[in-house]
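Have a look at coords-v8.tsv; it's TSV, C-alpha atoms:
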```tsv
chain	number	residue	atom	x	y	z
A	191	MET	CA	169.83	77.41	38.13
A	192	THR	CA	170.80	81.06	37.66
A	193	SER	CA	169.84	82.39	34.23
A	194	LEU	CA	172.28	83.97	31.82
A	195	TRP	CA	170.58	87.34	32.15
A	196	GLU	CA	170.70	87.34	35.95
A	197	ARG	CA	174.40	86.45	35.86
A	198	LEU	CA	175.17	89.22	33.38
A	199	GLU	CA	173.25	91.79	35.39
A	200	GLN	CA	175.16	90.90	38.53
A	201	ALA	CA	178.57	90.52	36.87
A	202	ASP	CA	181.45	92.93	37.40
A	203	ASN	CA	182.83	93.47	33.89
A	204	SER	CA	185.54	95.90	34.87
A	205	ALA	CA	188.22	93.19	35.05
A	206	ARG	CA	188.12	92.52	31.30
A	207	PRO	CA	187.08	95.69	29.45
A	208	SER	CA	188.26	94.29	26.12
A	209	LEU	CA	185.50	91.64	26.15
A	210	SER	CA	181.79	91.78	26.93
A	211	ALA	CA	178.62	89.81	26.36
A	212	ARG	CA	177.63	92.30	23.66
A	213	ARG	CA	180.93	91.86	21.80
A	214	ILE	CA	180.48	88.10	21.93
A	215	ALA	CA	176.94	88.46	20.57
A	216	GLU	CA	178.04	90.82	17.80
A	217	ALA	CA	180.83	88.48	16.70
A	218	ALA	CA	178.53	85.45	16.78
A	219	VAL	CA	175.83	87.25	14.76
A	220	SER	CA	178.45	88.30	12.20
A	221	ILE	CA	179.60	84.68	11.83
A	222	ALA	CA	176.05	83.34	11.56
A	223	ASP	CA	175.04	86.00	9.03
A	224	ALA	CA	177.95	84.95	6.83
A	225	ASP	CA	178.14	81.20	7.36
A	226	GLY	CA	175.12	79.99	9.37
A	227	LEU	CA	174.71	78.73	12.92
A	228	GLU	CA	176.89	75.67	12.43
A	229	ALA	CA	179.92	77.91	11.91
A	230	ILE	CA	179.76	79.23	15.47
A	231	THR	CA	182.31	77.58	17.72
A	232	MET	CA	184.23	78.87	20.71
A	233	ARG	CA	187.44	78.69	18.69
A	234	ARG	CA	185.96	80.69	15.80
A	235	LEU	CA	184.54	83.25	18.22
A	236	ALA	CA	187.86	83.61	20.00
A	237	ALA	CA	189.62	84.19	16.69
A	238	GLU	CA	187.07	86.83	15.66
A	239	LEU	CA	187.37	88.57	19.03
A	240	GLY	CA	191.14	88.28	19.29
A	241	VAL	CA	191.04	86.57	22.69
A	242	ALA	CA	192.06	83.24	24.16
A	243	PRO	CA	189.65	80.35	23.36
A	244	MET	CA	188.56	80.09	27.00
A	245	ALA	CA	187.92	83.81	27.51
A	246	ALA	CA	184.28	83.72	26.44
A	247	TYR	CA	183.47	81.22	29.18
A	248	ARG	CA	183.57	84.08	31.66
A	249	TYR	CA	180.27	85.19	30.13
A	250	VAL	CA	178.68	82.10	28.59
A	251	SER	CA	178.76	78.45	29.52
A	252	ASP	CA	177.94	76.90	26.13
A	253	LYS	CA	176.62	77.50	22.62
A	254	ASN	CA	173.02	77.64	23.84
A	255	GLU	CA	173.83	80.75	25.84
A	256	ILE	CA	175.60	82.25	22.83
A	257	LEU	CA	172.36	81.74	20.90
A	258	GLU	CA	170.48	83.54	23.67
A	259	LEU	CA	172.84	86.51	23.37
A	260	MET	CA	172.44	86.51	19.59
A	261	VAL	CA	168.65	86.41	19.70
A	262	ASP	CA	168.57	89.21	22.23
A	263	LEU	CA	170.94	91.37	20.20
A	264	VAL	CA	169.00	91.13	16.94
A	265	TYR	CA	165.61	91.54	18.62
A	266	GLY	CA	166.98	94.76	20.04
A	267	GLN	CA	167.18	96.03	16.44
A	268	ALA	CA	163.40	95.87	16.07
A	269	ASP	CA	161.31	98.79	17.24
A	270	ILE	CA	157.63	99.11	18.06
A	271	PRO	CA	156.35	102.66	18.59
A	272	HIS	CA	154.64	103.47	21.87
A	273	GLY	CA	151.08	104.75	22.02
A	274	GLU	CA	149.68	103.01	18.94
A	275	ASP	CA	146.47	100.98	18.88
A	276	TRP	CA	146.59	97.19	18.76
A	277	ARG	CA	146.35	96.90	14.99
A	278	GLN	CA	149.05	99.47	14.26
A	279	THR	CA	151.28	97.90	16.89
A	280	ILE	CA	150.89	94.37	15.52
A	281	ARG	CA	151.49	95.59	11.97
A	282	ALA	CA	154.70	97.32	13.08
A	283	LEU	CA	155.79	94.16	14.90
A	284	ALA	CA	155.11	91.97	11.87
A	285	LEU	CA	156.91	94.17	9.34
A	286	GLY	CA	159.81	94.73	11.73
A	287	MET	CA	160.20	91.02	12.40
A	288	ARG	CA	160.01	90.17	8.69
A	289	ALA	CA	162.82	92.62	7.97
A	290	LEU	CA	164.81	91.22	10.87
A	291	VAL	CA	164.49	87.60	9.73
A	292	LEU	CA	165.39	88.45	6.12
A	293	LYS	CA	168.51	90.22	7.43
A	294	HIS	CA	169.44	87.41	9.86
A	295	THR	CA	168.16	84.28	8.12
A	296	TRP	CA	169.76	82.01	10.73
A	297	LEU	CA	166.79	82.89	12.96
A	298	THR	CA	164.82	80.35	10.92
A	299	GLN	CA	167.47	77.70	11.67
A	300	LEU	CA	166.87	77.81	15.42
A	301	PRO	CA	165.26	74.68	16.88
A	302	ALA	CA	161.47	75.09	17.00
A	303	ALA	CA	161.31	75.25	20.79
A	304	ARG	CA	164.06	77.86	20.97
A	305	ALA	CA	162.53	79.91	18.16
A	306	ALA	CA	159.16	79.94	19.90
A	307	PHE	CA	160.10	80.27	23.55
A	308	GLU	CA	163.57	81.80	23.89
A	309	LEU	CA	163.23	84.34	26.71
A	310	THR	CA	165.56	87.32	26.46
A	311	PRO	CA	165.18	90.93	27.66
A	312	ASN	CA	164.78	92.47	24.19
A	313	ARG	CA	162.41	89.76	23.01
A	314	LEU	CA	160.24	90.22	26.07
A	315	THR	CA	160.28	93.99	25.53
A	316	LEU	CA	158.69	93.53	22.10
A	317	ALA	CA	156.15	91.10	23.53
A	318	GLU	CA	155.40	93.47	26.41
A	319	ARG	CA	154.67	96.42	24.11
A	320	THR	CA	152.50	94.31	21.82
A	321	LEU	CA	150.54	92.75	24.68
A	322	ALA	CA	149.99	96.17	26.25
A	323	ALA	CA	148.52	97.44	22.98
A	324	ILE	CA	146.28	94.36	22.63
A	325	ARG	CA	145.15	94.69	26.24
A	326	GLY	CA	144.18	98.26	25.37
A	327	ALA	CA	141.23	96.72	23.50
A	328	ASP	CA	139.86	95.75	26.94
A	329	LEU	CA	140.66	92.05	26.66
A	330	ASP	CA	141.42	89.53	29.35
A	331	VAL	CA	145.01	88.36	29.55
A	332	ASP	CA	144.34	84.90	28.08
A	333	THR	CA	142.71	86.33	24.96
A	334	ALA	CA	145.45	88.93	24.54
A	335	MET	CA	148.15	86.24	24.71
A	336	SER	CA	146.24	84.02	22.27
A	337	ILE	CA	146.07	86.88	19.76
A	338	PHE	CA	149.76	87.60	20.22
A	339	ARG	CA	150.70	83.97	19.64
A	340	THR	CA	148.45	83.72	16.58
A	341	VAL	CA	150.14	86.72	14.98
A	342	THR	CA	153.66	85.57	15.83
A	343	ALA	CA	152.85	82.13	14.37
A	344	TYR	CA	151.84	83.84	11.11
A	345	ILE	CA	155.03	85.94	11.10
A	346	HIS	CA	157.24	82.93	11.76
A	347	GLY	CA	155.55	80.73	9.17
A	348	ALA	CA	155.47	83.35	6.41
A	349	THR	CA	159.05	84.51	6.90
A	350	SER	CA	160.40	80.96	7.19
A	351	ALA	CA	158.79	80.11	3.85
A	352	GLU	CA	160.29	83.23	2.29
A	353	VAL	CA	163.75	82.41	3.60
A	354	GLY	CA	163.36	78.82	2.40
A	355	LEU	CA	162.56	80.02	-1.12
A	356	ARG	CA	165.57	82.32	-1.04
A	357	GLN	CA	167.85	79.49	0.08
A	358	LEU	CA	166.51	77.08	-2.55
A	359	SER	CA	167.04	79.72	-5.24
A	360	THR	CA	170.61	80.28	-4.06
A	361	GLU	CA	171.37	76.54	-4.04
A	362	ARG	CA	170.06	76.10	-7.59
A	363	GLY	CA	171.38	79.33	-9.02
A	364	TRP	CA	168.01	80.93	-9.72
A	365	VAL	CA	168.13	84.72	-9.74
A	366	SER	CA	164.48	85.49	-10.50
A	367	GLY	CA	161.01	84.13	-10.00
A	368	ASP	CA	160.84	83.19	-13.66
A	369	GLU	CA	164.02	81.13	-13.31
A	370	ALA	CA	162.63	79.42	-10.21
A	371	ARG	CA	159.42	78.53	-12.01
A	372	ALA	CA	161.38	77.28	-15.00
A	373	GLY	CA	163.48	75.13	-12.67
A	374	LEU	CA	160.35	73.56	-11.19
A	375	SER	CA	158.45	73.31	-14.46
A	376	GLY	CA	159.16	69.60	-14.97
A	377	GLN	CA	157.34	68.62	-11.80
A	378	MET	CA	154.69	71.30	-12.14
A	379	THR	CA	153.80	70.47	-15.75
A	380	TRP	CA	153.11	66.84	-14.95
A	381	LEU	CA	151.16	67.56	-11.75
A	382	LEU	CA	148.94	70.19	-13.32
A	383	GLY	CA	148.55	68.06	-16.43
A	384	THR	CA	146.69	65.45	-14.35
A	385	GLY	CA	143.78	67.89	-14.04
A	386	ARG	CA	143.53	67.28	-10.30
A	387	TYR	CA	144.54	70.79	-9.23
A	388	PRO	CA	142.39	73.29	-11.16
A	389	GLU	CA	142.67	76.12	-8.63
A	390	PHE	CA	146.45	75.89	-8.50
A	391	ALA	CA	146.53	75.77	-12.29
A	392	ARG	CA	144.40	78.90	-12.40
A	393	TYR	CA	146.84	80.61	-10.05
A	394	THR	CA	149.80	79.79	-12.27
A	395	ARG	CA	147.97	81.27	-15.29
A	396	GLU	CA	146.38	84.37	-13.78
A	397	ALA	CA	148.45	85.53	-10.80
A	398	VAL	CA	150.27	88.83	-11.27
A	399	ARG	CA	151.97	89.10	-7.86
A	400	LYS	CA	153.84	85.80	-7.77
A	401	ASP	CA	157.13	87.53	-6.99
A	402	ASP	CA	155.84	90.39	-4.82
A	403	LEU	CA	156.73	88.81	-1.50
A	404	LEU	CA	156.13	91.93	0.57
A	405	TRP	CA	152.62	92.27	-0.86
A	406	GLN	CA	151.94	88.61	-0.12
A	407	PHE	CA	153.14	89.03	3.46
A	408	GLU	CA	151.16	92.22	4.08
A	409	THR	CA	148.00	90.83	2.50
A	410	GLY	CA	148.13	87.69	4.62
A	411	LEU	CA	148.75	89.83	7.69
A	412	GLU	CA	145.77	92.05	6.93
A	413	HIS	CA	143.54	88.99	6.67
A	414	VAL	CA	144.76	87.82	10.07
A	415	LEU	CA	144.14	91.27	11.55
A	416	ASP	CA	140.72	91.53	9.91
A	417	GLY	CA	139.76	88.23	11.51
A	418	ILE	CA	140.93	89.41	14.92
A	419	ALA	CA	139.07	92.71	14.51
A	420	LEU	CA	135.85	90.92	13.57
A	421	ARG	CA	136.17	88.60	16.54
A	422	LEU	CA	136.73	91.55	18.89
A	423	ALA	CA	133.68	93.33	17.47
A	424	THR	CA	131.42	90.29	17.90
A	425	PRO	CA	132.55	88.45	21.04
A	426	GLY	CA	130.97	85.09	21.71
A	427	PRO	CA	131.22	82.35	24.33
A	428	GLY	CA	134.76	81.55	25.49
```
Could you render the structure as structure tokens?
Amino acid sequence: MTSLWERLEQADNSARPSLSARRIAEAAVSIADADGLEAITMRRLAAELGVAPMAAYRYVSDKNEILELMVDLVYGQADIPHGEDWRQTIRALALGMRALVLKHTWLTQLPAARAAFELTPNRLTLAERTLAAIRGADLDVDTAMSIFRTVTAYIHGATSAEVGLRQLSTERGWVSGDEARAGLSGQMTWLLGTGRYPEFARYTREAVRKDDLLWQFETGLEHVLDGIALRLATPGPG
């Protein structure tokens, strides 16, 4: 089966200059940013684009291909500088992807398989630059890919949790961390009152960065990178 990207590369777009795959992607991203993925339909897209409902089918065959266009478009907004070492490159990737997900929260609504394995030109460009930097540490390709996947798993998990907290706060009308904690205090008070969770109780009493989400993200990332650096410095079997 011919892929979307091969079809678009071979297509002659001169016959309909008022419409393009990029315009479809931009309209779909705008809809999803405002109303979520479920709001994207061919009829809604056509209305946004000012075209007939069937016009988009010249470029895409279904909603899955629209999602591909959307993912590619937003990944094209991220940038990883050339010529950096592996740690600087991964840090740039992580911070860039966090910003991207917080801007386009629907990325966390993608099905797990699509979120992990969607192959688009811009997404592969980011992976290519990151893998090239990791390979610069004189690693075999399997190890380089394992490191890349470990880091992207951290990015996805951390940003999904952050988006989830934001969505829960919006649903319940909380506008600050203090309001969120107050909203959860009924459950928390009973659970901690059992005495079964002393470390969590200590965190609630002593933590000073509960609401510094960027610090939390960067600190977790640095621990991941420190672990990778230590492993690279002391290679063992396998």
Could you check the closest approach to Arg371 of chain A for each of A:Asp269, A:Asp252, A:Asp223, A:Asp401 and tell me which residue wins, using only C-alpha atoms?
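Residue with the minimum atom-to-atom distance to Arg371 of chain A: A:Asp401.
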Could you name the residues that touch segment 402-410 of chain A at 9 Å or less, counting all atoms listed in the file, but leaving out those on the same chain fewer than 6 positions away, as a ChimeraX atom specification?
/A:281,284-285,288,344-345,348-349,352
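For Asp368 of chain A, the set of protein, DNA and RNA residues having any atom at most 12 Å away, when counting all atoms listed in the file and skipping those fewer than 4 positions along the same chain, is A:Ser359, A:Trp364, A:Ala372, A:Gly373, A:Leu374, A:Ser375, A:Thr394, A:Lys400, A:Asp401.
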Atom-to-atom span, atom CA of Leu314 of chain A and atom CA of Val331 of chain A, Å
15.7 Å
Taking (153.0, 89.8, 20.4) as a centre in this file's frame and 12 Å as the limit, can you find every polymer residue with an atom that close, using all atoms listed in the file, and give them as an mmCIF file with C-alpha atoms, in the frame of the given file?
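File produced: selection06.cif:
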```
data_model
loop_
_atom_site.group_PDB
_atom_site.id
_atom_site.type_symbol
_atom_site.label_atom_id
_atom_site.label_comp_id
_atom_site.auth_asym_id
_atom_site.auth_seq_id
_atom_site.Cartn_x
_atom_site.Cartn_y
_atom_site.Cartn_z
ATOM 1 C CA ILE A 270 157.630 99.110 18.060
ATOM 2 C CA TRP A 276 146.590 97.190 18.760
ATOM 3 C CA ARG A 277 146.350 96.900 14.990
ATOM 4 C CA THR A 279 151.280 97.900 16.890
ATOM 5 C CA ILE A 280 150.890 94.370 15.520
ATOM 6 C CA ARG A 281 151.490 95.590 11.970
ATOM 7 C CA ALA A 282 154.700 97.320 13.080
ATOM 8 C CA LEU A 283 155.790 94.160 14.900
ATOM 9 C CA ALA A 284 155.110 91.970 11.870
ATOM 10 C CA MET A 287 160.200 91.020 12.400
ATOM 11 C CA ALA A 306 159.160 79.940 19.900
ATOM 12 C CA ARG A 313 162.410 89.760 23.010
ATOM 13 C CA LEU A 314 160.240 90.220 26.070
ATOM 14 C CA THR A 315 160.280 93.990 25.530
ATOM 15 C CA LEU A 316 158.690 93.530 22.100
ATOM 16 C CA ALA A 317 156.150 91.100 23.530
ATOM 17 C CA GLU A 318 155.400 93.470 26.410
ATOM 18 C CA ARG A 319 154.670 96.420 24.110
ATOM 19 C CA THR A 320 152.500 94.310 21.820
ATOM 20 C CA LEU A 321 150.540 92.750 24.680
ATOM 21 C CA ALA A 322 149.990 96.170 26.250
ATOM 22 C CA ALA A 323 148.520 97.440 22.980
ATOM 23 C CA ILE A 324 146.280 94.360 22.630
ATOM 24 C CA ARG A 325 145.150 94.690 26.240
ATOM 25 C CA THR A 333 142.710 86.330 24.960
ATOM 26 C CA ALA A 334 145.450 88.930 24.540
ATOM 27 C CA MET A 335 148.150 86.240 24.710
ATOM 28 C CA SER A 336 146.240 84.020 22.270
ATOM 29 C CA ILE A 337 146.070 86.880 19.760
ATOM 30 C CA PHE A 338 149.760 87.600 20.220
ATOM 31 C CA ARG A 339 150.700 83.970 19.640
ATOM 32 C CA THR A 340 148.450 83.720 16.580
ATOM 33 C CA VAL A 341 150.140 86.720 14.980
ATOM 34 C CA THR A 342 153.660 85.570 15.830
ATOM 35 C CA ALA A 343 152.850 82.130 14.370
ATOM 36 C CA TYR A 344 151.840 83.840 11.110
ATOM 37 C CA ILE A 345 155.030 85.940 11.100
ATOM 38 C CA HIS A 346 157.240 82.930 11.760
#
```
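Going from atom CA of Val241 of chain A to atom CA of Arg213 of chain A covers 11.4 Å.
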Using only the atoms of segment 339-344 of chain A listed in the file, plus 4 Å on each side, state the axis-aligned box centre and edge lengths in Å rounded to one decimal, as JSON.
```
{"center_x": 151.1, "center_y": 84.4, "center_z": 15.4, "size_x": 13.2, "size_y": 12.6, "size_z": 16.5}
```
Give me, please, the distance in Å between atom CA of Leu227 of chain A and atom CA of Ala242 of chain A, quoted to one decimal.
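Straight-line distance from atom CA of Leu227 of chain A to atom CA of Ala242 of chain A works out to 21.2 Å.
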Excluding segment 214-216 of chain A and any residue of its chain fewer than 3 positions from it, enumerate the residues within 10 Å of it, using all atoms listed in the file, and give them as an MDAnalysis selection string.
chainID A and resid 209:211 219:222 235:236 238:239 246 249:250 255:264
Which of these residues is nearest to Ala218 of chain A, using only C-alpha atoms: A:Gly286, A:Trp296, A:Asn312, A:Ser350?
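Checking each of A:Gly286, A:Trp296, A:Asn312, A:Ser350 against Ala218 of chain A, counting only C-alpha atoms, the winner is A:Trp296.
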Pick the closest to Thr310 of chain A from A:Leu329, A:Leu198, A:Lys253, A:Ala423: which is it, counting all atoms listed in the file?
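Closest candidate: A:Leu198.
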